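Peer 1: One file is attached below, entry_37.cif, containing mmCIF, C-alpha atoms.
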data_query
#
loop_
_atom_site.group_PDB
_atom_site.id
_atom_site.type_symbol
_atom_site.label_atom_id
_atom_site.label_comp_id
_atom_site.auth_asym_id
_atom_site.auth_seq_id
_atom_site.Cartn_x
_atom_site.Cartn_y
_atom_site.Cartn_z
ATOM 1 C CA MET A 509 21.201 30.198 -4.111
ATOM 2 C CA LYS A 510 23.261 29.204 -1.080
ATOM 3 C CA PHE A 511 22.099 26.251 1.000
ATOM 4 C CA THR A 512 22.234 26.952 4.727
ATOM 5 C CA LYS A 513 21.100 24.472 7.358
ATOM 6 C CA THR A 514 19.104 26.772 9.619
ATOM 7 C CA THR A 515 17.986 23.692 11.544
ATOM 8 C CA GLU A 516 21.617 23.246 12.638
ATOM 9 C CA GLN A 517 22.311 26.838 13.619
ATOM 10 C CA ASP A 518 22.932 27.759 17.257
ATOM 11 C CA SER A 519 19.896 28.122 19.479
ATOM 12 C CA ASN A 520 18.656 31.610 20.254
ATOM 13 C CA TYR A 521 19.025 30.652 23.929
ATOM 14 C CA ASN A 522 22.132 29.838 25.925
ATOM 15 C CA ASP A 523 22.999 28.357 29.319
ATOM 16 C CA LEU A 524 19.899 26.144 29.208
ATOM 17 C CA GLU A 525 21.166 24.142 32.175
ATOM 18 C CA ASN A 526 20.953 27.263 34.341
ATOM 19 C CA MET A 527 17.284 27.920 33.542
ATOM 20 C CA SER A 528 14.498 26.977 35.934
ATOM 21 C CA VAL A 529 11.846 24.532 34.766
ATOM 22 C CA SER A 530 9.455 27.448 34.341
ATOM 23 C CA GLU A 531 11.953 29.343 32.185
ATOM 24 C CA LEU A 532 12.623 26.271 30.054
ATOM 25 C CA LEU A 533 8.921 25.687 29.418
ATOM 26 C CA VAL A 534 8.167 29.333 28.627
ATOM 27 C CA ASN A 535 11.077 29.553 26.191
ATOM 28 C CA ILE A 536 10.226 26.280 24.459
ATOM 29 C CA ASN A 537 6.631 27.441 24.135
ATOM 30 C CA THR A 538 7.779 30.782 22.737
ATOM 31 C CA GLU A 539 9.662 28.960 19.990
ATOM 32 C CA ASP A 540 6.761 26.575 19.336
ATOM 33 C CA LYS A 541 4.420 29.517 18.709
ATOM 34 C CA THR A 542 6.414 30.378 15.596
ATOM 35 C CA VAL A 543 5.858 26.996 13.927
ATOM 36 C CA ALA A 544 2.284 27.504 12.741
ATOM 37 C CA GLN A 545 3.287 30.837 11.214
ATOM 38 C CA ALA A 546 6.112 29.133 9.338
ATOM 39 C CA VAL A 547 3.694 26.494 8.037
ATOM 40 C CA GLU A 548 1.299 29.232 6.922
ATOM 41 C CA LYS A 549 3.969 30.654 4.615
ATOM 42 C CA ALA A 550 4.280 27.247 2.932
ATOM 43 C CA LEU A 551 0.534 26.738 2.300
ATOM 44 C CA PRO A 552 0.793 27.357 -1.480
ATOM 45 C CA GLU A 553 3.370 24.558 -1.679
ATOM 46 C CA VAL A 554 1.199 22.275 0.450
ATOM 47 C CA GLU A 555 -1.758 22.938 -1.829
ATOM 48 C CA LYS A 556 0.179 21.906 -4.936
ATOM 49 C CA LEU A 557 1.229 18.635 -3.326
ATOM 50 C CA VAL A 558 -2.272 17.876 -2.043
ATOM 51 C CA LEU A 559 -3.803 18.477 -5.478
ATOM 52 C CA GLU A 560 -1.293 16.095 -7.050
ATOM 53 C CA THR A 561 -1.898 13.541 -4.303
ATOM 54 C CA VAL A 562 -5.670 13.666 -4.772
ATOM 55 C CA ASN A 563 -5.266 13.174 -8.516
ATOM 56 C CA LYS A 564 -3.040 10.135 -7.949
ATOM 57 C CA LEU A 565 -5.404 8.509 -5.469
ATOM 58 C CA LYS A 566 -8.457 9.155 -7.640
ATOM 59 C CA THR A 567 -6.817 7.101 -10.385
ATOM 60 C CA GLY A 568 -5.936 4.187 -8.135
ATOM 61 C CA GLY A 569 -2.600 5.330 -6.745
ATOM 62 C CA ARG A 570 -1.176 5.283 -3.237
ATOM 63 C CA ILE A 571 0.786 7.604 -0.944
ATOM 64 C CA PHE A 572 4.225 6.552 0.258
ATOM 65 C CA TYR A 573 6.063 8.468 2.984
ATOM 66 C CA ILE A 574 9.795 7.812 3.256
ATOM 67 C CA GLY A 575 12.042 9.148 5.997
ATOM 68 C CA ALA A 576 14.645 8.390 8.651
ATOM 69 C CA GLY A 577 14.645 8.920 12.407
ATOM 70 C CA THR A 578 12.022 11.339 13.697
ATOM 71 C CA SER A 579 10.917 12.228 10.176
ATOM 72 C CA GLY A 580 10.420 8.585 9.284
ATOM 73 C CA ARG A 581 8.463 7.940 12.473
ATOM 74 C CA LEU A 582 6.167 10.881 11.759
ATOM 75 C CA GLY A 583 5.400 9.443 8.332
ATOM 76 C CA VAL A 584 4.648 6.037 9.827
ATOM 77 C CA VAL A 585 2.325 7.644 12.399
ATOM 78 C CA ASP A 586 0.366 9.580 9.778
ATOM 79 C CA ALA A 587 0.048 6.535 7.522
ATOM 80 C CA SER A 588 -1.034 4.277 10.368
ATOM 81 C CA GLU A 589 -3.786 6.660 11.435
ATOM 82 C CA CYS A 590 -5.485 6.857 8.034
ATOM 83 C CA PRO A 591 -7.261 3.453 8.119
ATOM 84 C CA PRO A 592 -8.975 3.916 11.507
ATOM 85 C CA THR A 593 -9.787 7.567 10.855
ATOM 86 C CA PHE A 594 -11.017 7.361 7.269
ATOM 87 C CA GLY A 595 -11.799 3.673 6.771
ATOM 88 C CA VAL A 596 -9.270 3.215 3.974
ATOM 89 C CA SER A 597 -7.163 0.116 3.379
ATOM 90 C CA HIS A 598 -3.809 -0.223 5.117
ATOM 91 C CA ASP A 599 -1.950 -0.143 1.813
ATOM 92 C CA LEU A 600 -3.399 3.166 0.594
ATOM 93 C CA VAL A 601 -1.045 5.285 2.720
ATOM 94 C CA VAL A 602 2.269 3.588 3.532
ATOM 95 C CA GLY A 603 5.014 4.857 5.830
ATOM 96 C CA LEU A 604 8.556 3.571 5.241
ATOM 97 C CA ILE A 605 11.425 4.312 7.612
ATOM 98 C CA ALA A 606 15.144 3.793 7.052
ATOM 99 C CA GLY A 607 16.167 0.662 8.899
ATOM 100 C CA GLY A 608 12.714 -0.912 8.690
ATOM 101 C CA ASP A 609 10.073 -1.270 11.385
ATOM 102 C CA ASN A 610 12.719 -1.906 14.059
ATOM 103 C CA ALA A 611 13.822 1.710 13.585
ATOM 104 C CA ILE A 612 10.433 2.971 14.760
ATOM 105 C CA ARG A 613 11.487 2.258 18.359
ATOM 106 C CA LYS A 614 15.282 2.110 18.203
ATOM 107 C CA ALA A 615 17.756 3.921 15.971
ATOM 108 C CA VAL A 616 19.372 1.695 13.354
ATOM 109 C CA GLU A 617 22.978 2.735 12.802
ATOM 110 C CA ASN A 618 23.798 4.214 9.372
ATOM 111 C CA ALA A 619 20.431 3.177 7.898
ATOM 112 C CA GLU A 620 19.738 6.685 6.663
ATOM 113 C CA ASP A 621 23.064 6.866 4.800
ATOM 114 C CA ASP A 622 22.164 4.210 2.191
ATOM 115 C CA THR A 623 21.108 5.979 -1.006
ATOM 116 C CA GLU A 624 19.696 2.796 -2.574
ATOM 117 C CA GLN A 625 17.659 1.308 0.277
ATOM 118 C CA ALA A 626 14.544 3.489 -0.090
ATOM 119 C CA TRP A 627 14.102 2.378 -3.682
ATOM 120 C CA ARG A 628 14.504 -1.255 -2.613
ATOM 121 C CA ASP A 629 11.896 -0.679 0.100
ATOM 122 C CA LEU A 630 9.487 0.933 -2.379
ATOM 123 C CA LYS A 631 9.894 -1.898 -4.858
ATOM 124 C CA GLN A 632 8.843 -4.321 -2.114
ATOM 125 C CA HIS A 633 5.464 -2.586 -2.359
ATOM 126 C CA ASN A 634 5.359 -2.790 -6.157
ATOM 127 C CA ILE A 635 5.630 0.985 -6.596
ATOM 128 C CA THR A 636 4.263 2.297 -9.913
ATOM 129 C CA ASP A 637 3.808 5.629 -11.639
ATOM 130 C CA ASN A 638 0.230 5.707 -10.333
ATOM 131 C CA ASP A 639 1.654 6.375 -6.861
ATOM 132 C CA ILE A 640 3.169 9.425 -5.186
ATOM 133 C CA VAL A 641 6.198 9.360 -2.872
ATOM 134 C CA ILE A 642 6.703 12.063 -0.249
ATOM 135 C CA GLY A 643 10.146 12.323 1.341
ATOM 136 C CA ILE A 644 10.360 13.693 4.871
ATOM 137 C CA ALA A 645 13.652 15.095 6.185
ATOM 138 C CA ALA A 646 14.070 18.163 8.364
ATOM 139 C CA SER A 647 17.648 18.682 7.192
ATOM 140 C CA GLY A 648 16.865 18.075 3.537
ATOM 141 C CA THR A 649 20.089 16.081 3.220
ATOM 142 C CA THR A 650 19.147 12.532 4.275
ATOM 143 C CA PRO A 651 20.661 10.146 1.673
ATOM 144 C CA TYR A 652 17.956 7.493 2.157
ATOM 145 C CA VAL A 653 15.250 9.997 1.254
ATOM 146 C CA ILE A 654 17.060 11.834 -1.529
ATOM 147 C CA GLY A 655 18.137 8.581 -3.158
ATOM 148 C CA GLY A 656 14.582 7.288 -3.065
ATOM 149 C CA LEU A 657 13.138 10.400 -4.668
ATOM 150 C CA LYS A 658 15.803 10.447 -7.378
ATOM 151 C CA LYS A 659 14.914 6.893 -8.387
ATOM 152 C CA CYS A 660 11.232 7.801 -8.383
ATOM 153 C CA ASN A 661 11.907 10.757 -10.660
ATOM 154 C CA GLU A 662 13.828 8.471 -13.026
ATOM 155 C CA ASN A 663 10.829 6.132 -13.123
ATOM 156 C CA ASN A 664 8.200 8.820 -13.735
ATOM 157 C CA ILE A 665 6.780 8.554 -10.210
ATOM 158 C CA ALA A 666 5.491 11.807 -8.684
ATOM 159 C CA THR A 667 7.573 13.079 -5.764
ATOM 160 C CA GLY A 668 7.013 15.552 -2.957
ATOM 161 C CA CYS A 669 8.901 16.414 0.190
ATOM 162 C CA ILE A 670 8.635 18.096 3.572
ATOM 163 C CA THR A 671 11.818 19.767 4.770
ATOM 164 C CA CYS A 672 12.856 22.711 6.899
ATOM 165 C CA ASN A 673 15.884 24.085 5.034
ATOM 166 C CA GLN A 674 15.645 26.336 1.979
ATOM 167 C CA ASN A 675 17.384 25.129 -1.203
ATOM 168 C CA SER A 676 18.292 21.790 0.352
ATOM 169 C CA PRO A 677 19.223 18.860 -1.914
ATOM 170 C CA LEU A 678 15.892 17.233 -1.033
ATOM 171 C CA ALA A 679 13.859 20.326 -1.920
ATOM 172 C CA LEU A 680 15.685 20.562 -5.232
ATOM 173 C CA THR A 681 15.032 16.870 -5.956
ATOM 174 C CA ALA A 682 11.296 16.738 -5.235
ATOM 175 C CA GLN A 683 8.824 17.760 -7.913
ATOM 176 C CA PHE A 684 6.471 19.182 -5.255
ATOM 177 C CA PRO A 685 8.660 20.477 -2.413
ATOM 178 C CA ILE A 686 7.261 21.848 0.838
ATOM 179 C CA VAL A 687 9.791 23.931 2.752
ATOM 180 C CA VAL A 688 8.877 25.151 6.238
ATOM 181 C CA ILE A 689 11.568 27.417 7.672
ATOM 182 C CA VAL A 690 11.361 27.115 11.456
ATOM 183 C CA GLY A 691 14.878 28.386 12.212
ATOM 184 C CA PRO A 692 17.233 27.218 14.973
ATOM 185 C CA GLU A 693 15.933 24.737 17.531
ATOM 186 C CA PHE A 694 15.725 25.492 21.260
ATOM 187 C CA VAL A 695 18.298 22.748 21.805
ATOM 188 C CA THR A 696 20.744 23.279 18.935
ATOM 189 C CA GLY A 697 20.182 20.749 16.166
ATOM 190 C CA SER A 698 17.344 18.895 17.912
ATOM 191 C CA SER A 699 15.044 18.804 14.896
ATOM 192 C CA ARG A 700 12.536 16.589 16.695
ATOM 193 C CA MET A 701 11.319 19.865 18.233
ATOM 194 C CA LYS A 702 10.134 22.719 15.976
ATOM 195 C CA ALA A 703 11.001 20.948 12.728
ATOM 196 C CA GLY A 704 9.221 17.798 13.887
ATOM 197 C CA THR A 705 6.167 19.802 14.903
ATOM 198 C CA ALA A 706 6.109 21.523 11.522
ATOM 199 C CA GLN A 707 6.352 18.202 9.690
ATOM 200 C CA LYS A 708 3.486 16.771 11.762
ATOM 201 C CA LEU A 709 1.299 19.787 10.989
ATOM 202 C CA VAL A 710 1.966 19.443 7.260
ATOM 203 C CA LEU A 711 1.349 15.687 7.309
ATOM 204 C CA ASN A 712 -1.978 16.323 9.054
ATOM 205 C CA MET A 713 -2.871 18.726 6.257
ATOM 206 C CA ILE A 714 -1.853 16.397 3.439
ATOM 207 C CA SER A 715 -3.689 13.306 4.661
ATOM 208 C CA THR A 716 -6.759 15.098 6.021
ATOM 209 C CA ALA A 717 -7.312 17.376 3.027
ATOM 210 C CA THR A 718 -6.731 14.474 0.649
ATOM 211 C CA MET A 719 -9.219 12.207 2.406
ATOM 212 C CA ILE A 720 -11.831 14.948 2.542
ATOM 213 C CA GLN A 721 -11.388 15.507 -1.191
ATOM 214 C CA LEU A 722 -11.870 11.758 -1.696
ATOM 215 C CA GLY A 723 -15.212 11.902 0.134
ATOM 216 C CA LYS A 724 -14.112 10.271 3.384
ATOM 217 C CA VAL A 725 -15.690 12.979 5.563
ATOM 218 C CA LYS A 726 -19.331 14.103 5.561
ATOM 219 C CA GLY A 727 -20.066 17.525 6.996
ATOM 220 C CA ASN A 728 -17.295 17.468 9.557
ATOM 221 C CA LYS A 729 -17.702 13.848 10.663
ATOM 222 C CA MET A 730 -15.503 10.766 10.176
ATOM 223 C CA VAL A 731 -18.334 8.709 8.709
ATOM 224 C CA ASP A 732 -16.016 5.934 7.479
ATOM 225 C CA MET A 733 -13.975 5.508 10.679
ATOM 226 C CA GLN A 734 -13.251 1.988 11.878
ATOM 227 C CA LEU A 735 -15.143 0.928 15.003
ATOM 228 C CA SER A 736 -12.026 -0.391 16.717
ATOM 229 C CA ASN A 737 -12.907 0.408 20.337
ATOM 230 C CA ASP A 738 -15.834 1.326 22.595
ATOM 231 C CA LYS A 739 -15.080 5.047 22.386
ATOM 232 C CA LEU A 740 -15.342 5.041 18.601
ATOM 233 C CA VAL A 741 -18.496 2.924 18.660
ATOM 234 C CA GLU A 742 -20.128 5.430 20.999
ATOM 235 C CA ARG A 743 -18.918 8.318 18.832
ATOM 236 C CA GLY A 744 -20.479 6.632 15.810
ATOM 237 C CA ILE A 745 -23.765 6.132 17.651
ATOM 238 C CA GLN A 746 -23.859 9.812 18.573
ATOM 239 C CA MET A 747 -23.163 10.784 14.957
ATOM 240 C CA ILE A 748 -26.042 8.651 13.725
ATOM 241 C CA MET A 749 -28.386 9.988 16.403
ATOM 242 C CA ASN A 750 -27.601 13.563 15.373
ATOM 243 C CA LEU A 751 -27.676 12.926 11.623
ATOM 244 C CA LEU A 752 -30.928 10.975 11.633
ATOM 245 C CA ASN A 753 -32.630 12.412 14.729
ATOM 246 C CA ILE A 754 -33.213 8.953 16.203
ATOM 247 C CA ASP A 755 -32.721 7.450 19.669
ATOM 248 C CA HIS A 756 -29.639 5.720 21.032
ATOM 249 C CA ASN A 757 -30.910 2.145 20.753
ATOM 250 C CA LEU A 758 -31.892 2.435 17.093
ATOM 251 C CA ALA A 759 -28.637 4.228 16.247
ATOM 252 C CA GLN A 760 -26.658 1.493 17.998
ATOM 253 C CA ASP A 761 -28.532 -1.256 16.160
ATOM 254 C CA LEU A 762 -27.935 0.434 12.808
ATOM 255 C CA LEU A 763 -24.237 0.988 13.451
ATOM 256 C CA LEU A 764 -23.517 -2.536 14.638
ATOM 257 C CA LYS A 765 -25.495 -4.028 11.757
ATOM 258 C CA HIS A 766 -23.967 -1.932 8.974
ATOM 259 C CA GLY A 767 -20.450 -1.381 10.318
ATOM 260 C CA SER A 768 -19.990 2.341 9.673
ATOM 261 C CA VAL A 769 -21.794 5.634 10.123
ATOM 262 C CA ARG A 770 -21.983 6.096 6.348
ATOM 263 C CA ASN A 771 -23.491 2.675 5.694
ATOM 264 C CA ALA A 772 -25.920 2.985 8.588
ATOM 265 C CA THR A 773 -27.217 6.409 7.564
ATOM 266 C CA THR A 774 -27.430 5.440 3.895
ATOM 267 C CA PHE A 775 -29.490 2.341 4.743
ATOM 268 C CA TYR A 776 -31.815 4.271 7.045
ATOM 269 C CA ASN A 777 -32.398 7.058 4.525
ATOM 270 C CA ASN A 778 -33.107 4.584 1.741
ATOM 271 C CA GLU A 779 -35.582 2.718 3.952
ATOM 272 C CA ASN A 780 -37.369 5.893 4.998
ATOM 273 C CA LYS A 781 -37.726 7.780 1.739
#
In structure tokens, how does this file's structure come out?
Peer 2:
Amino acid sequence: MKFTKTTEQDSNYNDLENMSVSELLVNINTEDKTVAQAVEKALPEVEKLVLETVNKLKTGGRIFYIGAGTSGRLGVVDASECPPTFGVSHDLVVGLIAGGDNAIRKAVENAEDDTEQAWRDLKQHNITDNDIVIGIAASGTTPYVIGGLKKCNENNIATGCITCNQNSPLALTAQFPIVVIVGPEFVTGSSRMKAGTAQKLVLNMISTATMIQLGKVKGNKMVDMQLSNDKLVERGIQMIMNLLNIDHNLAQDLLLKHGSVRNATTFYNNENK
């Protein structure tokens, strides 16, 4: 089938500079409303990747996100939020971006064009066939990402991807491709907009569903979250109060003593059988 970069096609809107602020916002919002529907169509693909990811992590593996530019930054964000949210180690979900950590804030020229660098970056983390590598690229043509996935395939490492163009080289390379067709951007080619939103939604699904399957959520609560600030401590206290039907002072004492909602509630229940 023919590969067409719909993410690069002309916007459905013209003369943007002549629009009022209100018109700009309404039109951007109109386009954004279509993103969740596009993600919905890809849910069967997301499910396949999540099931594979859960299997890998249950047997001691890790998740690696690789990407460039906006896509790379989104992977880094999702990876960095897993430890505080789910209480997992910082090396369980790893985000790698073309050009290294400096590229998170500033673009690194030509970093995404190196087909070998992603594999070098992965080897720095002692990648094995227990792990899974998910390439993120709206265009589906980023050499850094495609090259990394090809090397993973050659080394029997499971590969997935998130892209926004049907039949892209990346989608054809990944073993578990997720393709979310969002169509032309409001500003032609600005894939940080709808494509970026779609990628963020899918990343939320992958990490959240995986962690729930691994037992990192109880009921609907983040019982393993890290107590890294006062807001999260107070949230944890409220969780314990509601779960155990106890007062604030006792809940606070339990949380500070045992370090997590899960540990605190487990201790209390064992002591009060």
Peer 1: Residues within 7 Å of region 576-585 of chain A, please, as a PyMOL selection string. Count only C-alpha atoms; anything in the same chain fewer than 4 positions from it doesn't count.
Peer 2: chain A and resi 589+603-606+612+615+620+644-646+700+704+708
Peer 1: Between CA of Thr773 (chain A) and CA of Ile748 (chain A), what is the distance, to one decimal in Å?
Peer 2: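 CA of Ile748 (chain A) lies 6.7 Å from CA of Thr773 (chain A).
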Peer 1: If you apply the PyMOL selection byres ((chain A and resi 552-564) around 12) to this file, what residues do you get, as a ChimeraX atom specification?
Peer 2: /A:547-551,565-573,600-601,636-643,665-671,679,682-688,707,709-723
Peer 1: Using 8 Å of padding on each side, determine the axis-aligned box around all atoms of region 716-731 of chain A present in the file and give its centre and edge lengths in Å to one decimal, as JSON.
Peer 2:
{"center_x": -13.4, "center_y": 13.1, "center_z": 4.5, "size_x": 29.3, "size_y": 24.8, "size_z": 28.4}
Peer 1: Quick one: which residues end up in the PyMOL selection byres ((chain A and resi 696) around 10) for this structure, as a list in words?
Peer 2: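 In the shown coordinates, the PyMOL selection byres ((chain A and resi 696) around 10) covers Thr515, Glu516, Gln517, Asp518, Ser519, Asn520, Tyr521, Asn522, Pro692, Glu693, Phe694, Val695, Gly697, Ser698 and Ser699 of chain A.
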Peer 1: With 12 Å as the threshold, what does the neighbourhood of (-28.2, 13.4, 12.1) contain in terms of residues, counting all atoms listed in the file? Coordinates are those of the file; answer as a ChimeraX atom specification.
Peer 2: /A:726-729,731,744-756,759,769-770,772-774,776-777
Peer 1: Restricting the calculation to only C-alpha atoms, which member of A:Ala546, A:Asp523, A:Glu531, A:Asp599 is positioned closest to Cys672 (chain A)?
Peer 2: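 Among the listed residues, the smallest separation from Cys672 (chain A) belongs to A:Ala546.
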Peer 1: Mind giving me the straight-line distance from CA of Trp627 (chain A) to CA of Gly656 (chain A) in Å, one decimal?
Peer 2: 5.0 Å
Peer 1: So how far away is CA of Met733 (chain A) from CA of Leu630 (chain A), in Å?
Peer 2: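 Straight-line distance from CA of Leu630 (chain A) to CA of Met733 (chain A) works out to 27.2 Å.
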Peer 1: Looking at all atoms listed in the file, which of A:Cys660, A:Val602, A:Asp732, A:Pro677 is the one that sits closest to Ala587 (chain A)?
Peer 2: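 Counting all atoms listed in the file, the residue closest to Ala587 (chain A) is A:Val602.
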Peer 1: Kindly indicate which residue among A:Ala544, A:Leu764, A:Val725, A:Met527 lies nearest to Gly595 (chain A), using all atoms listed in the file for the distances.
Peer 2: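 Among A:Ala544, A:Leu764, A:Val725, A:Met527, it is A:Val725 that comes nearest to Gly595 (chain A).
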Peer 1: Check the smallest atom-to-atom distance from each of A:His766, A:Lys739, A:Lys724, A:Lys781 to Phe594 (chain A) using all atoms listed in the file, then report the winner.
Peer 2: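 Looking at the shortest contact to Phe594 (chain A), the residue is A:Lys724.
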